[in-house]
Amino acid sequence: MDEPVITALLRPDHTGMLNVDGTARALRGTSEGEALQALIGLIQDEALKFRRPVRVTVRARTGLSILLAAPDGSIEEESFVPFEDLPQPWPPPESAPEGEGEAAAKAAAKAAPEVAPEAEPAPATAGPRAAAALTIDEDVDDDADDELDYDDPAFGGPVSAAPVAAAARDREPAAEVAPEPEADSEPEADSEAEADSEPEPHPEAATAPEPEPEPEPDAVVESDAQSEAEPTPEAEKEPESTPAEPAPNPVTAPNPVTEPEPEPQPQPQPQPNTAADPEADPEPVPQPRASTAPPAPPAPPATPTAPKEPMSEQARRDLLDAPSFLATTSVDEPAQRGLPGFMNRFGFHLAPGPAELSERNDIQGVSRHFDAHRTISVINRKGGANKTPTVVNLAAVFARYGGGGVLAWDNNETMGTLGWRTEPGAHGSTVLDVLGSADELLDARAEFGQMSGFVHHQQADKFDVLRSDEDATGIHEMTADEVDVVHSIAAKYYRLIFMDSGNSDRAENWLRMIDHTDQLVVPTTTMEDRAQAALLTLQAVQSRSEKAAELARNAVVVVSEWQPKESSISQRMADDFRPYVRDVVIVPFDPALKAGRIQYGALQPATRRAWLAAAAAVSRGL
């Protein structure tokens, strides 16, 4: 699929081009959607031309997309780089500036061959190829047009008027065009017999004819049934032949009797023959082919089948074991991201690409609710290892996609920084206030709203923060029993509890935190001493107990790049950790994580996607 080399460009001025191995085809539209439809039509035509999938690189204002176009018209996104992650400025300098694309498109329009005047416009319901035929200026010669006819029905476009008219004439019955009698033809001997053998119309069986002018003396009034043979002189001289006023036709003729016709075309419906003998018994008028077809024979009676014998007791099953009749169906939403998502806003229905499918799977994982509360502990004995940003972002992802019920608890033994990097509430409550109201909060009659006076709600990220003691002159240190009490309160009001630890893995509150943990997360930066501290922390946890060792083996390591352009370092560290833990996730550098308040929505798209992947990895361990 790397050959031919196909690239495409959509400019802000609703122009663009498709380049196939150096041959450019310009396009333009009156709107962004029309230009996009024209481009999709060109891409689909190329796939149909090569009779195999082709790869197309598309540059647009949304970013850079790699598309796979199949001959059946389907288009799938192989990869997408959003505008924010592209090198700036974007578009690159080599792309045409705004306005230049329109001039190129107009020049291409002058060089394009004129459309034949009889060509019909594309219908409103035509597919993208038909739209492309209306909005594309092609720099191709006549031979190329013959080779790739965009008006051919195979491309979904219109056809010219001439073939349509010819096809319509072929389908028309012969009765609609009355043949003209030959002026010089002489009546033959058998014409009289043929005229006599023609069935005469029933006075009440013909449709109401149009009024005919009165015949002049010695004039002959011909019927349509005798259009191929002139009437005999004897028939003209009969005194009884007076013009009669025909009666209207009934709706149907009873039991019509028709003669076998010599030609496949149906004979025209005859008008009343005023030159025939009025005393003769009229015969029924031959009806059109559709009504003269013999009625279908009645269906033979169904052969009665022998009744089935009842099942034996051994073959019967218990009703409680019967499967459900309700079929489980999965509904896949169309693409919402990248170029396919952009195209779907204009009426397309393209499937999501692999990147968007992966993101949807991660969102589904973090949206799950569990049958009981879950506790996730974020640990590293070294300060500055990105523990607090990890707690904030994981809590934000689970709360945003899972619907709330998430608590971020600063379990520092003295004074932590979680409260500094999150949004403060309307009060200054800390974990010590929760301990002072423990009996009240654990009472069976307590309500969830009571917790709002102790926690700090994050309005944008939908989770709550329980701060540590912030008294700079205080001497209180959290004990193991106090951790048990606070954890019981948190488990009553929240489904997910993220605990931000201190730096001492020998403190009572640190060790008791491990006892309540269901999933360990070990953050580190690309600095070597932080990575070494993360490794020592895991080793210390593994040696504490059997449960702690299991937590260490199933831990998730999050490697955050501390400086820009450290992807090689972060990848090397991730490879070093992977053999010893369950999963490793790399978070790219983001200046919004360096200092100040952290808000998930303010991060760069690549950073948000990385934290979503980290949260999905945590969810798989819960």
# chains A, B, ... in the order shown; residues from 1 in each chain; ligands from 1
call {"tool": "residues_around", "arguments": {"residues": "A:Ala385", "least_positions_apart": "2", "cutoff": "7 Å", "atoms": "only C-alpha atoms", "output": "list in words"}}
result
Asn380, Lys382, Gly383, Lys387, Pro523, Thr524, Thr525 and Arg530 of chain A
call {"tool": "write_last_selection", "arguments": {"atoms": "C-alpha atoms", "output": "CSV table (one decimal), in the first residue's frame"}}
result
chain,number,residue,atom,x,y,z
A,380,ASN,CA,7.7,6.5,46.6
A,382,LYS,CA,11.7,10.0,47.6
A,383,GLY,CA,10.2,13.5,47.5
A,387,LYS,CA,3.3,11.4,43.8
A,523,PRO,CA,5.5,7.1,40.2
A,524,THR,CA,8.9,8.4,39.2
A,525,THR,CA,10.4,11.0,37.0
A,530,ARG,CA,13.7,9.1,41.7
call {"tool": "residues_around", "arguments": {"residues": "stretch 3-15 of chain A", "least_positions_apart": "2", "cutoff": "8 Å", "atoms": "only C-alpha atoms", "output": "MDAnalysis selection string"}}
result
chainID A and resid 1 17:21 26:32 34:36 39 54:61 98:99 101:102 105
call {"tool": "write_last_selection", "arguments": {"atoms": "C-alpha atoms", "output": "compact mmCIF listing (two decimals), in the first residue's frame"}}
result
# COMPACT_ATOMS: atom_id res chain seq x y z
CA MET A 1 0.00 0.00 0.00
CA MET A 17 -5.43 18.84 -3.89
CA LEU A 18 -4.77 15.14 -4.21
CA ASN A 19 -1.27 14.15 -5.36
CA VAL A 20 -0.80 10.64 -6.80
CA ASP A 21 2.86 9.90 -7.63
CA ALA A 26 -6.99 20.31 -7.57
CA LEU A 27 -10.33 20.56 -5.82
CA ARG A 28 -12.42 23.31 -4.33
CA GLY A 29 -15.76 23.78 -2.63
CA THR A 30 -18.04 26.50 -1.41
CA SER A 31 -17.75 25.20 2.16
CA GLU A 32 -15.46 23.11 4.28
CA GLU A 34 -18.08 20.32 0.28
CA ALA A 35 -14.31 20.42 -0.16
CA LEU A 36 -13.98 17.44 2.18
CA LEU A 39 -11.48 14.91 -1.46
CA VAL A 54 -4.42 2.52 -0.83
CA ARG A 55 -2.77 4.62 1.89
CA VAL A 56 -3.36 8.38 1.82
CA THR A 57 -1.64 11.04 3.96
CA VAL A 58 -4.04 13.94 4.57
CA ARG A 59 -3.06 17.32 5.97
CA ALA A 60 -5.93 19.48 7.29
CA ARG A 61 -6.52 22.06 9.95
CA GLU A 98 -4.46 30.96 2.24
CA GLY A 99 -5.78 32.23 -1.07
CA GLY A 101 -5.04 27.29 -3.21
CA GLU A 102 -8.11 29.04 -4.53
CA ALA A 105 -8.10 25.66 -8.21
call {"tool": "closest_residue", "arguments": {"among": "A:Asp500, A:Asp464, A:Asp362, A:Glu528", "to": "A:Ile376", "atoms": "only C-alpha atoms"}}
result
A:Asp500
call {"tool": "closest_residue", "arguments": {"among": "A:Arg467, A:Arg421, A:His487, A:His476", "to": "A:Ala595", "atoms": "only C-alpha atoms"}}
result
A:Arg421
call {"tool": "atom_distance", "arguments": {"atom1": "atom CA of A:Pro389", "atom2": "atom CA of A:Ser358"}}
result
24.0 Å
call {"tool": "residues_around", "arguments": {"residues": "A:Ala395", "least_positions_apart": "4", "cutoff": "8 Å", "atoms": "only C-alpha atoms", "output": "list in words"}}
result
Val391, Ala399, Val406, Leu407, Ala408, Phe463 and Phe498 of chain A
call {"tool": "residues_around", "arguments": {"residues": "A:Pro605", "least_positions_apart": "6", "cutoff": "9 Å", "atoms": "only C-alpha atoms", "output": "list of chain:residue names"}}
result
A:Pro82, A:Glu84, A:Asp85
call {"tool": "residues_around", "arguments": {"residues": "A:Gln458", "least_positions_apart": "5", "cutoff": "10 Å", "atoms": "only C-alpha atoms", "output": "PyMOL selection string"}}
result
chain A and resi 396+422-425+463-465+599
call {"tool": "write_last_selection", "arguments": {"atoms": "N, CA, C and O atoms", "output": "short mmCIF file (atom, residue, chain, number, x, y, z; two decimals), in the first residue's frame"}}
result
data_model
loop_
_atom_site.label_atom_id
_atom_site.label_comp_id
_atom_site.auth_asym_id
_atom_site.auth_seq_id
_atom_site.Cartn_x
_atom_site.Cartn_y
_atom_site.Cartn_z
N ALA A 396 -8.90 12.41 38.94
CA ALA A 396 -9.70 13.18 37.97
C ALA A 396 -10.22 12.28 36.85
O ALA A 396 -11.38 12.41 36.43
N THR A 422 -4.49 21.58 44.64
CA THR A 422 -5.88 21.36 44.26
C THR A 422 -6.71 22.56 44.68
O THR A 422 -6.25 23.46 45.39
N GLU A 423 -7.97 22.56 44.24
CA GLU A 423 -8.86 23.69 44.50
C GLU A 423 -9.35 23.68 45.95
O GLU A 423 -9.87 22.66 46.43
N PRO A 424 -9.23 24.79 46.69
CA PRO A 424 -9.71 24.82 48.07
C PRO A 424 -11.23 24.98 48.13
O PRO A 424 -11.85 25.55 47.24
N GLY A 425 -11.81 24.47 49.19
CA GLY A 425 -13.24 24.62 49.39
C GLY A 425 -13.55 25.90 50.16
O GLY A 425 -12.71 26.79 50.32
N PHE A 463 -13.91 15.25 41.82
CA PHE A 463 -13.54 14.42 42.96
C PHE A 463 -13.33 15.32 44.17
O PHE A 463 -13.28 16.56 44.07
N ASP A 464 -13.21 14.69 45.36
CA ASP A 464 -13.03 15.42 46.61
C ASP A 464 -11.62 15.20 47.14
O ASP A 464 -11.00 14.14 46.90
N VAL A 465 -11.13 16.18 47.90
CA VAL A 465 -9.79 16.13 48.48
C VAL A 465 -9.91 16.21 49.99
O VAL A 465 -10.60 17.10 50.53
N GLN A 599 -5.09 20.83 37.07
CA GLN A 599 -6.44 20.58 36.56
C GLN A 599 -6.31 19.76 35.29
O GLN A 599 -5.58 20.11 34.36
#
call {"tool": "residues_around", "arguments": {"residues": "A:Trp420", "least_positions_apart": "5", "cutoff": "10 Å", "atoms": "only C-alpha atoms", "output": "list in words"}}
result
Thr388, Arg467, Glu470, Ala595, Gly596, Arg597 and Ile598 of chain A
call {"tool": "write_last_selection", "arguments": {"atoms": "all heavy atoms", "output": "short mmCIF file (atom, residue, chain, number, x, y, z; two decimals), in the first residue's frame"}}
result
data_model
loop_
_atom_site.label_atom_id
_atom_site.label_comp_id
_atom_site.auth_asym_id
_atom_site.auth_seq_id
_atom_site.Cartn_x
_atom_site.Cartn_y
_atom_site.Cartn_z
N THR A 388 2.08 13.48 44.15
CA THR A 388 0.85 14.28 44.22
C THR A 388 0.23 14.49 42.84
O THR A 388 -0.99 14.33 42.68
CB THR A 388 1.14 15.62 44.90
OG1 THR A 388 1.59 15.38 46.25
CG2 THR A 388 -0.08 16.50 44.93
N ARG A 467 -7.54 16.91 52.99
CA ARG A 467 -6.19 17.44 53.22
C ARG A 467 -5.59 16.88 54.50
O ARG A 467 -6.30 16.49 55.44
CB ARG A 467 -6.26 18.96 53.30
CG ARG A 467 -6.73 19.65 52.02
CD ARG A 467 -6.64 21.14 52.15
NE ARG A 467 -6.94 21.81 50.88
CZ ARG A 467 -6.76 23.10 50.66
NH1 ARG A 467 -6.28 23.89 51.63
NH2 ARG A 467 -7.05 23.62 49.49
N GLU A 470 -2.42 20.93 58.19
CA GLU A 470 -1.68 22.04 57.58
C GLU A 470 -1.18 23.04 58.62
O GLU A 470 -0.80 24.16 58.26
CB GLU A 470 -2.57 22.74 56.54
CG GLU A 470 -2.94 21.85 55.37
CD GLU A 470 -3.82 22.55 54.36
OE1 GLU A 470 -4.35 23.64 54.68
OE2 GLU A 470 -3.98 22.03 53.24
N ALA A 595 4.33 22.94 38.44
CA ALA A 595 4.03 23.68 39.67
C ALA A 595 2.64 24.25 39.58
O ALA A 595 2.03 24.32 38.50
CB ALA A 595 5.05 24.80 39.89
N GLY A 596 2.11 24.69 40.74
CA GLY A 596 0.80 25.31 40.77
C GLY A 596 -0.33 24.30 40.82
O GLY A 596 -0.13 23.09 40.94
N ARG A 597 -1.57 24.83 40.74
CA ARG A 597 -2.75 23.98 40.82
C ARG A 597 -2.85 23.10 39.58
O ARG A 597 -2.62 23.55 38.46
CB ARG A 597 -4.00 24.86 40.96
CG ARG A 597 -5.28 24.08 41.19
CD ARG A 597 -6.45 25.03 41.37
NE ARG A 597 -6.20 25.92 42.52
CZ ARG A 597 -6.94 26.96 42.80
NH1 ARG A 597 -7.96 27.29 42.01
NH2 ARG A 597 -6.67 27.71 43.86
N ILE A 598 -3.24 21.86 39.80
CA ILE A 598 -3.34 20.88 38.71
C ILE A 598 -4.81 20.71 38.35
O ILE A 598 -5.65 20.48 39.22
CB ILE A 598 -2.73 19.52 39.11
CG1 ILE A 598 -1.27 19.68 39.49
CG2 ILE A 598 -2.89 18.52 37.98
CD1 ILE A 598 -0.67 18.42 40.09
#
call {"tool": "closest_residue", "arguments": {"among": "A:Gly474, A:Pro53, A:Gly402, A:Pro352", "to": "A:Gln364", "atoms": "only C-alpha atoms"}}
result
A:Gly402
call {"tool": "closest_residue", "arguments": {"among": "A:Asp471, A:Glu76, A:Asp318, A:Glu546", "to": "A:Ala335", "atoms": "only C-alpha atoms"}}
result
A:Glu76
call {"tool": "residues_around", "arguments": {"residues": "A:Thr607", "least_positions_apart": "4", "cutoff": "10 Å", "atoms": "only C-alpha atoms", "output": "PDB file with all heavy atoms, in the first residue's frame"}}
result
ATOM      1  N   SER A 560       7.106   9.829  34.465  1.00  0.00           N
ATOM      2  CA  SER A 560       6.777  11.158  33.958  1.00  0.00           C
ATOM      3  C   SER A 560       8.047  11.858  33.504  1.00  0.00           C
ATOM      4  O   SER A 560       9.042  11.900  34.254  1.00  0.00           O
ATOM      5  CB  SER A 560       6.086  11.995  35.042  1.00  0.00           C
ATOM      6  OG  SER A 560       4.859  11.404  35.432  1.00  0.00           O
ATOM      7  N   ILE A 586       4.088   5.739  30.320  1.00  0.00           N
ATOM      8  CA  ILE A 586       4.936   6.932  30.189  1.00  0.00           C
ATOM      9  C   ILE A 586       4.043   8.143  29.987  1.00  0.00           C
ATOM     10  O   ILE A 586       3.144   8.129  29.128  1.00  0.00           O
ATOM     11  CB  ILE A 586       5.904   6.782  28.997  1.00  0.00           C
ATOM     12  CG1 ILE A 586       6.844   5.592  29.226  1.00  0.00           C
ATOM     13  CG2 ILE A 586       6.711   8.060  28.803  1.00  0.00           C
ATOM     14  CD1 ILE A 586       7.759   5.303  28.056  1.00  0.00           C
ATOM     15  N   VAL A 587       4.291   9.199  30.794  1.00  0.00           N
ATOM     16  CA  VAL A 587       3.560  10.454  30.675  1.00  0.00           C
ATOM     17  C   VAL A 587       4.521  11.492  30.098  1.00  0.00           C
ATOM     18  O   VAL A 587       5.576  11.748  30.678  1.00  0.00           O
ATOM     19  CB  VAL A 587       3.021  10.923  32.032  1.00  0.00           C
ATOM     20  CG1 VAL A 587       2.320  12.275  31.896  1.00  0.00           C
ATOM     21  CG2 VAL A 587       2.061   9.884  32.603  1.00  0.00           C
ATOM     22  N   PRO A 588       4.171  12.103  28.951  1.00  0.00           N
ATOM     23  CA  PRO A 588       5.088  13.075  28.342  1.00  0.00           C
ATOM     24  C   PRO A 588       5.189  14.343  29.188  1.00  0.00           C
ATOM     25  O   PRO A 588       4.361  14.620  30.066  1.00  0.00           O
ATOM     26  CB  PRO A 588       4.443  13.360  26.980  1.00  0.00           C
ATOM     27  CG  PRO A 588       3.002  13.060  27.179  1.00  0.00           C
ATOM     28  CD  PRO A 588       2.937  11.929  28.160  1.00  0.00           C
ATOM     29  N   PHE A 589       6.201  15.128  28.889  1.00  0.00           N
ATOM     30  CA  PHE A 589       6.418  16.379  29.618  1.00  0.00           C
ATOM     31  C   PHE A 589       5.257  17.339  29.369  1.00  0.00           C
ATOM     32  O   PHE A 589       4.781  17.487  28.242  1.00  0.00           O
ATOM     33  CB  PHE A 589       7.724  17.032  29.175  1.00  0.00           C
ATOM     34  CG  PHE A 589       7.891  18.434  29.691  1.00  0.00           C
ATOM     35  CD1 PHE A 589       8.284  18.659  30.999  1.00  0.00           C
ATOM     36  CD2 PHE A 589       7.632  19.526  28.869  1.00  0.00           C
ATOM     37  CE1 PHE A 589       8.446  19.947  31.481  1.00  0.00           C
ATOM     38  CE2 PHE A 589       7.780  20.815  29.333  1.00  0.00           C
ATOM     39  CZ  PHE A 589       8.188  21.031  30.651  1.00  0.00           C
ATOM     40  N   ASP A 590       4.833  17.984  30.469  1.00  0.00           N
ATOM     41  CA  ASP A 590       3.768  18.985  30.381  1.00  0.00           C
ATOM     42  C   ASP A 590       4.077  20.063  31.403  1.00  0.00           C
ATOM     43  O   ASP A 590       4.150  19.775  32.607  1.00  0.00           O
ATOM     44  CB  ASP A 590       2.407  18.357  30.659  1.00  0.00           C
ATOM     45  CG  ASP A 590       1.261  19.249  30.191  1.00  0.00           C
ATOM     46  OD1 ASP A 590       1.363  20.477  30.352  1.00  0.00           O
ATOM     47  OD2 ASP A 590       0.266  18.703  29.664  1.00  0.00           O
ATOM     48  N   ALA A 592       2.253  22.186  32.690  1.00  0.00           N
ATOM     49  CA  ALA A 592       1.169  22.363  33.647  1.00  0.00           C
ATOM     50  C   ALA A 592       1.319  21.472  34.874  1.00  0.00           C
ATOM     51  O   ALA A 592       0.631  21.682  35.876  1.00  0.00           O
ATOM     52  CB  ALA A 592      -0.169  22.090  32.974  1.00  0.00           C
ATOM     53  N   LEU A 593       2.206  20.485  34.814  1.00  0.00           N
ATOM     54  CA  LEU A 593       2.427  19.594  35.955  1.00  0.00           C
ATOM     55  C   LEU A 593       3.629  20.003  36.798  1.00  0.00           C
ATOM     56  O   LEU A 593       3.871  19.395  37.847  1.00  0.00           O
ATOM     57  CB  LEU A 593       2.625  18.151  35.469  1.00  0.00           C
ATOM     58  CG  LEU A 593       1.432  17.506  34.758  1.00  0.00           C
ATOM     59  CD1 LEU A 593       1.813  16.124  34.236  1.00  0.00           C
ATOM     60  CD2 LEU A 593       0.237  17.413  35.702  1.00  0.00           C
ATOM     61  N   TYR A 600      -7.039  18.647  35.251  1.00  0.00           N
ATOM     62  CA  TYR A 600      -6.897  17.693  34.153  1.00  0.00           C
ATOM     63  C   TYR A 600      -7.217  18.321  32.800  1.00  0.00           C
ATOM     64  O   TYR A 600      -6.539  18.064  31.807  1.00  0.00           O
ATOM     65  CB  TYR A 600      -7.812  16.496  34.418  1.00  0.00           C
ATOM     66  CG  TYR A 600      -7.739  15.413  33.371  1.00  0.00           C
ATOM     67  CD1 TYR A 600      -6.674  14.518  33.346  1.00  0.00           C
ATOM     68  CD2 TYR A 600      -8.744  15.265  32.407  1.00  0.00           C
ATOM     69  CE1 TYR A 600      -6.612  13.511  32.388  1.00  0.00           C
ATOM     70  CE2 TYR A 600      -8.690  14.273  31.459  1.00  0.00           C
ATOM     71  CZ  TYR A 600      -7.625  13.401  31.448  1.00  0.00           C
ATOM     72  OH  TYR A 600      -7.556  12.420  30.504  1.00  0.00           O
ATOM     73  N   ALA A 602      -6.691  21.238  31.751  1.00  0.00           N
ATOM     74  CA  ALA A 602      -5.693  22.200  31.291  1.00  0.00           C
ATOM     75  C   ALA A 602      -4.450  21.529  30.724  1.00  0.00           C
ATOM     76  O   ALA A 602      -3.547  22.222  30.237  1.00  0.00           O
ATOM     77  CB  ALA A 602      -5.289  23.129  32.436  1.00  0.00           C
ATOM     78  N   LEU A 603      -4.374  20.223  30.770  1.00  0.00           N
ATOM     79  CA  LEU A 603      -3.207  19.515  30.263  1.00  0.00           C
ATOM     80  C   LEU A 603      -3.268  19.409  28.745  1.00  0.00           C
ATOM     81  O   LEU A 603      -4.327  19.546  28.123  1.00  0.00           O
ATOM     82  CB  LEU A 603      -3.127  18.112  30.878  1.00  0.00           C
ATOM     83  CG  LEU A 603      -3.085  18.043  32.409  1.00  0.00           C
ATOM     84  CD1 LEU A 603      -3.071  16.592  32.859  1.00  0.00           C
ATOM     85  CD2 LEU A 603      -1.881  18.791  32.963  1.00  0.00           C
ATOM     86  N   TRP A 611      -2.516   9.882  30.866  1.00  0.00           N
ATOM     87  CA  TRP A 611      -3.120   9.640  32.178  1.00  0.00           C
ATOM     88  C   TRP A 611      -4.343   8.741  32.058  1.00  0.00           C
ATOM     89  O   TRP A 611      -4.625   7.951  32.981  1.00  0.00           O
ATOM     90  CB  TRP A 611      -3.484  10.958  32.841  1.00  0.00           C
ATOM     91  CG  TRP A 611      -2.295  11.685  33.424  1.00  0.00           C
ATOM     92  CD1 TRP A 611      -1.808  12.895  33.053  1.00  0.00           C
ATOM     93  CD2 TRP A 611      -1.442  11.210  34.479  1.00  0.00           C
ATOM     94  NE1 TRP A 611      -0.693  13.219  33.807  1.00  0.00           N
ATOM     95  CE2 TRP A 611      -0.452  12.202  34.696  1.00  0.00           C
ATOM     96  CE3 TRP A 611      -1.418  10.064  35.249  1.00  0.00           C
ATOM     97  CZ2 TRP A 611       0.541  12.059  35.661  1.00  0.00           C
ATOM     98  CZ3 TRP A 611      -0.423   9.919  36.212  1.00  0.00           C
ATOM     99  CH2 TRP A 611       0.542  10.914  36.404  1.00  0.00           C
ATOM    100  N   LEU A 612      -5.074   8.835  30.965  1.00  0.00           N
ATOM    101  CA  LEU A 612      -6.185   7.898  30.759  1.00  0.00           C
ATOM    102  C   LEU A 612      -5.663   6.472  30.634  1.00  0.00           C
ATOM    103  O   LEU A 612      -6.252   5.534  31.190  1.00  0.00           O
ATOM    104  CB  LEU A 612      -6.967   8.297  29.508  1.00  0.00           C
ATOM    105  CG  LEU A 612      -8.085   7.347  29.067  1.00  0.00           C
ATOM    106  CD1 LEU A 612      -9.139   7.194  30.153  1.00  0.00           C
ATOM    107  CD2 LEU A 612      -8.722   7.838  27.766  1.00  0.00           C
ATOM    108  N   ALA A 613      -4.561   6.292  29.922  1.00  0.00           N
ATOM    109  CA  ALA A 613      -3.970   4.953  29.811  1.00  0.00           C
ATOM    110  C   ALA A 613      -3.485   4.457  31.169  1.00  0.00           C
ATOM    111  O   ALA A 613      -3.623   3.268  31.500  1.00  0.00           O
ATOM    112  CB  ALA A 613      -2.818   4.980  28.808  1.00  0.00           C
TER     113      ALA A 613
END
call {"tool": "closest_residue", "arguments": {"among": "A:Thr414, A:Gln571, A:Arg445, A:Pro579", "to": "A:Ser468", "atoms": "only C-alpha atoms"}}
result
A:Thr414
call {"tool": "closest_residue", "arguments": {"among": "A:Ala614, A:Ala322, A:Ala446, A:Ile43", "to": "A:Leu394", "atoms": "only C-alpha atoms"}}
result
A:Ala614
call {"tool": "select_by_dssp", "arguments": {"residues": "stretch 314-544 of chain A", "states": "strand (DSSP E)", "output": "number ranges by chain"}}
result
A: 374-378, 406-411, 456-457, 464-466, 496-501, 519-525
call {"tool": "select_by_dssp", "arguments": {"residues": "stretch 309-534 of chain A", "states": "helix (DSSP H, G or I)", "output": "VMD selection string"}}
result
chain A and resid 319 to 321 338 to 344 354 to 366 387 to 402 431 to 436 438 to 442 448 to 453 480 to 493 508 to 515 528 to 534
